[in-house]
Structures are given as structure tokens and as C-alpha cells.
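See structure below.
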Amino acid sequence: MSVVTVQLGQCGNQVGQELFGIICSDAQEGQRKTYSAASCERFFHQTAHGDFVARAVLIDMEPKVINHSMTKAATSGRWRYGDTSHFSQKQGSGNNWANGYCVHGPRHREVVEELVRREVERCDRLAGLMAVMSVAGGTGSGVGTYVTQCLRDIYQKSFILNHLTWPYGTGEVIVQNYNSVLTLAHLYQLSDAILVHENDTVHRICSQLLNIKHISFSDVNRVIAHQLGSVLQPALTADSHGAYSRNPLGELVSTLACHPEYKLLNVCTIPQMPSSSIAYSTFSWPGLLKHLRQMLISNSKMEEGIDWQVRPPAGSEQTRSLTGASFNTSLANLLILRGKDVYSAETDGFEDPALYSSWLSSKEAFNLWKSPVPFNKYEKSATLVSNSQALLRPLDNMVGKAWNMFASRAYIHQYIKFGISEEDFLDSFTSLEQVVASYSQLC
């Protein structure tokens with residue numbers, strides 16, 4: 001089954017291009033015929049000349065990023081985008097969610113829906129749609145939300161996963177918190193699951209783990225694409241009976257987003273290191289999984305600087321370490337292991353009932369996928385996709401900052417003039433405050 005990716009805005013198109021590049025490179029590495037065939041069916045279709053063409057639609061209100069993404073893909077010599085699978089205009093959305101959602105989205109609805117329809121019809125069987133976007137700007141967030149709404153109306157029985165890039169906390173755009181509140185509140189009603197990457201976290205990975213001195217957006221996007229690819233590439237599930245899973249989005253959603261109040265997913269991957277160091281490093285499954293489990297319960301986003309003092313709570317009390325970090329309660333976790341000796345890995349530590357909410361058994365809350373094929377040149381790697389309290393603090397902070405701006409009526413007129421009312425803002429705040437309350441009570 002195949003996944004159609006919709007890349008929206010500057011961030012979505014840059015992340016999408018890096019993702020397809022990593023997936024194609026990984027699929028064509030070495031002698032891995034079955035794995036490669038499953039991956040290519042999922043993300044590419046082949047032309048009569050044997051070219052791999054991404055199952056993707058590229059959308060932006062400015063042409064520059066799309067042109068760059070298409071050129072970069074074509075010059076790789078491995079894959080490319082479809083010649084007519086993109087849409088752009090000459091004027092952006094001005095970092096205004098309302099401009100994207102109320103103006104650009106409806107204005108170009110028919111052409112965007114037609115591009116997606118053509119891509120869907122190229123699939124023998126559709127597993128679902130994945131929208132890749134940012135929450136900070138105008139096109140990615142505003143147009144992206146509107147397009148997701150259109151996709152939900154048309155493909156009501158298909159799974160929709162939104163991948164969101166969360167902006168830097170220090171601020172990329174003055175109104176980014178407004179855009180983020182409006183995006184998340186609407187997507188919570190439309191999407192089956194929302195997979196989030198935080199720019200601040202990815203930036204630290206680039207600096208502290210990959211030792212990149214002058215970090216560019218390309219560096220950040222490659223890390224996001226690596227983690228996302230490690231989730232989406234073929235793996236063996238408990239129900240796949242020795243064959244690679246056929247419905248990646250459906251299995252991901254049904255495994256992790258089992259309740260409509262809890263749709264926020266985050267990703268941790270281990271190990272991550274400079275490519276020049278991979279050949280000289282060795283890892284054991286016990287060591288990798290010990291670190292990954294502690295990253296989960298202490299809400300550490302990378303293996304450097306893990307707080308080892310945080311422990312699962314005894315009884316009903318939450319534990320807090322000397323550093324102030326509290327235990328991160330999970331609703332559901334998906335562990336994906338890839339590489340050498342994968343069947344010998346012991347994962348009992350992730351089945352501990354103390355890690356999970358009391359109203360869901362650990363057998364239902366924990367799922368394991370495996371693949372003996374190494375991913376992206378790592379001999380062994382582990383990825384944890386978690387529906388937990390990990391995003392609670394950044395979400396709460398974002399809602400709080402947006403509310404403070406709204407209370408002082410800052411920049412509201414910029415949204416009202418495009419068709420967003422104060423009631424729309426209040427509805428969005430109410431929706432996200434409920435999400436914050438739900439995750440806060442997860443125990």
C-alpha cells in the first residue's frame with residue numbers, strides 16, 4: 001500500500017525533499033530486494049523508463065523553494081518529483097494563518113485537490129495521506145490546515161497523518177504562536193495523528209551529537225527526515241506474519257492514537273552521530289535500549305544529558321529528580337528496531353506497566369516493530385514513537401504566549417481582515433486548553 005505525501009510551504013517542501021532522499025538512498029543500499037520493493041511501492045512509482053518518481057504533491061505560494069526541491073531531487077540521479085505534481089503562486093501568505101486558510105486555500109482548492117487526486121489514482125492501494133508542514137508561517141500552517149480539511153472531506157476513510165515542525169521557542173515569526181494555536185486546534189479535529197518535531201530539540205542534536213558548527217536549515221531538515229524515515233520505512237509488525245507491514249499509516253495511528261483526546265506524537269532515535277564516526281562505532285541492544293527507555297521516562301530528547309535520577313512513580317505519586325525533571329507518563333509507545341541481531345533484543349523494559357496510564361494495560365499500550373535491515377548506514381538503531389506528556393510543556397507555553405498576545409489585542413486586526421474572528425481565536429484556545437488538561441491528567 002502506498003502513502004501520498006503533501007508538502008506544504010517552505011518547511012514542508014524542504015523536509016519532504018530530504019525525507020524522500022533518505023528513503024530512496026536507504027532502499028537502494030546493498031542487497032535488500034524485498035525491503036527495497038516494499039519501500040519503493042510505499043513512496044515511489046516507476047515510469048516506463050525505470051525512473052523513481054515520488055508519490056508527492058508540492059504546494060507553496062511562492063515558487064522558489066519548490067523549484068529548488070525539484071532540481072535537487074532530479075540531480076540526485078536516484079529519484080525525482082513528478083513534472084506536474086506541484087503548484088505555486090508568486091505571492092506568499094505573509095506569515096499570516098488567516099491569509100493562508102481563508103484566502104489562498106479556498107482560492108486554489110480545485111487545482112490542489114486535482115493534483116492530489118491524480119497522485120492517489122496512481123496508487124494500486126492507498127494507505128493514507130501525510131501532510132508535511134510547519135506551524136509557524138502562513139502557507140504551511142494556514143494553507144496546510146485548509147488542505148488537510150479538504151483531504152478529510154474527500155478521503156473520509158483514509159488515514160491522515162500530519163507532520164508538524166514546531167518553531168524555535170526564541171521566535172521565528174512574531175505571530176508564530178497565533179499561527180500555531182490556530183493550526184493545532186483545527187488539525188486536532190481533522191487529523192488521525194499529529195507527529196511533531198521541535199526545532200529547538202533538532203538544533204541541539206545537530207550541535208551536540210552531530211558536532212555541526214554552523215547549523216543550517218538543511219542540517220535541521222536532514223535530522224527530521226532521518227527520524228521520520230526510521231518510522232516510515234518497512235518493518236515487521238506483530239500481525240504481519242513475517243512480511244513487511246502493508247499499511248504503515250493505519251498501523252501507526254491504530255497503535256498510538258487510540259483516543260481522540262490524545263493525538264500528539266513525538267519521536268526519539270538512537271544512536272545519532274556524524275556520518276564519519278559511524279564506521280568506527282559499535283553498539284549493543286541492551287545499551288541502546290537502556291538509554292532510550294531513560295530518554296522516554298525523563299523526557300530527554302537525546303542521549304546526551306539524560307537525567308538518570310527520574311524513575312517510574314511508586315503507587316500514584318509522580319517522581320521528580322533533583323534537576324526538576326518529572327516522570328513522563330505515556331499513553332502508548334511504538335518501538336522500532338532496525339539492524340543486526342534485532343531478534344535478540346530484549347524489550348521488557350518498555351512493557352513495564354509503571355510507564356503507562358493506569359486505564360490502559362501495557363500489552364495494549366506497547367507495540368514493537370522490527371527489521372533486520374540496517375537503516376541509513378547504522379548497523380543498529382532504535383526509534384521510539386511516543387504518545388506521552390513529552391509535548392505538554394511546549395504546548396502549554398505556546399498557548400500561554402498566544403493568550404497573552406490575544407489579551408492585549410496584539411496583531412488581531414491582521415487576522416480579522418482576512419476573515420478570522422475573535423470567536424475563532426477563543427474556540428481554538430478552548431480546544432487546546434482541553435488538550436493540555438487531558439495530557440496533564442494522564443496518569
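In the C-alpha cells, chains take letters A, B, ... by order of appearance, with residues numbered from 1 within each chain and ligands from 1 in the order shown.
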Open item on the list: Env of A:Asn266: 7 Å cut, atoms = only C-alpha atoms, seq-sep filter 5 positions within chain, self excluded. Answer as a PyMOL selection string.
Closed with: chain A and resi 195-197+385-387
Task: Contact residues around A:Asp51 with only C-alpha atoms at 8 Å, ignoring same-chain residues under 4 positions, as number ranges by chain - done: A: 46-47, 78-80
TODO: Please identify all polymer residues within 10 Å of A:Lys64, counting only C-alpha atoms, omitting same-chain residues fewer than 5 positions from it, and present them as a ChimeraX atom specification.
DONE: /A:10,69,88-90
Take the selection from the previous step and output its residues with all heavy atoms, as an mmCIF file, in the first residue's frame.
data_model
loop_
_atom_site.group_PDB
_atom_site.id
_atom_site.type_symbol
_atom_site.label_atom_id
_atom_site.label_comp_id
_atom_site.auth_asym_id
_atom_site.auth_seq_id
_atom_site.Cartn_x
_atom_site.Cartn_y
_atom_site.Cartn_z
ATOM 1 N N GLN A 10 7.363 26.406 2.771
ATOM 2 C CA GLN A 10 8.817 26.277 2.696
ATOM 3 C C GLN A 10 9.319 25.097 3.512
ATOM 4 O O GLN A 10 10.075 24.252 3.023
ATOM 5 C CB GLN A 10 9.486 27.560 3.182
ATOM 6 C CG GLN A 10 11.015 27.476 3.231
ATOM 7 C CD GLN A 10 11.661 28.772 3.699
ATOM 8 O OE1 GLN A 10 11.093 29.841 3.562
ATOM 9 N NE2 GLN A 10 12.865 28.674 4.249
ATOM 10 N N SER A 69 13.644 22.332 -4.591
ATOM 11 C CA SER A 69 13.423 20.942 -4.175
ATOM 12 C C SER A 69 13.371 20.006 -5.383
ATOM 13 O O SER A 69 13.964 18.919 -5.367
ATOM 14 C CB SER A 69 12.124 20.826 -3.373
ATOM 15 O OG SER A 69 12.207 21.529 -2.155
ATOM 16 N N SER A 88 2.349 26.431 -7.338
ATOM 17 C CA SER A 88 2.866 27.598 -6.626
ATOM 18 C C SER A 88 2.288 28.866 -7.241
ATOM 19 O O SER A 88 1.779 28.867 -8.364
ATOM 20 C CB SER A 88 4.400 27.638 -6.673
ATOM 21 O OG SER A 88 4.847 27.784 -8.015
ATOM 22 N N GLN A 89 2.380 29.935 -6.477
ATOM 23 C CA GLN A 89 1.983 31.255 -6.932
ATOM 24 C C GLN A 89 3.171 32.203 -6.755
ATOM 25 O O GLN A 89 4.269 31.768 -6.405
ATOM 26 C CB GLN A 89 0.771 31.747 -6.133
ATOM 27 C CG GLN A 89 -0.496 30.952 -6.409
ATOM 28 C CD GLN A 89 -1.054 31.223 -7.786
ATOM 29 O OE1 GLN A 89 -1.690 32.226 -8.047
ATOM 30 N NE2 GLN A 89 -0.791 30.303 -8.705
ATOM 31 N N LYS A 90 2.957 33.469 -6.995
ATOM 32 C CA LYS A 90 4.058 34.428 -6.905
ATOM 33 C C LYS A 90 3.974 35.306 -5.664
ATOM 34 O O LYS A 90 4.809 36.172 -5.461
ATOM 35 C CB LYS A 90 4.080 35.308 -8.165
ATOM 36 C CG LYS A 90 4.397 34.519 -9.432
ATOM 37 C CD LYS A 90 4.480 35.416 -10.650
ATOM 38 C CE LYS A 90 4.838 34.593 -11.888
ATOM 39 N NZ LYS A 90 4.923 35.445 -13.115
#
- [ ] Please provide the set of residues having any atom within 12 Å of A:Ser245, restricted to only C-alpha atoms, with same-chain residues fewer than 4 positions apart removed, written as an NGL selection string.
- [x] :A and (1-2 or 34-35 or 38-39 or 41-42 or 127 or 232-241 or 249-252 or 369-371)
- [ ] Find the residues around stretch 361-367 of chain A up to 6 Å (only C-alpha atoms counted), leave out those fewer than 3 positions away in its own chain, and share them as a count of residues only.
- [x] 5
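Remark: for A:Cys258, the closest of the candidate residues A:Leu19, A:Met302, A:Val223, A:Leu360 is A:Leu360 (distances computed over only C-alpha atoms).
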Open item on the list: I need the helix (DSSP H, G or I) residues of stretch 284-320 of chain A per DSSP on the backbone, written as a ChimeraX atom specification.
Closed with: /A:285-298
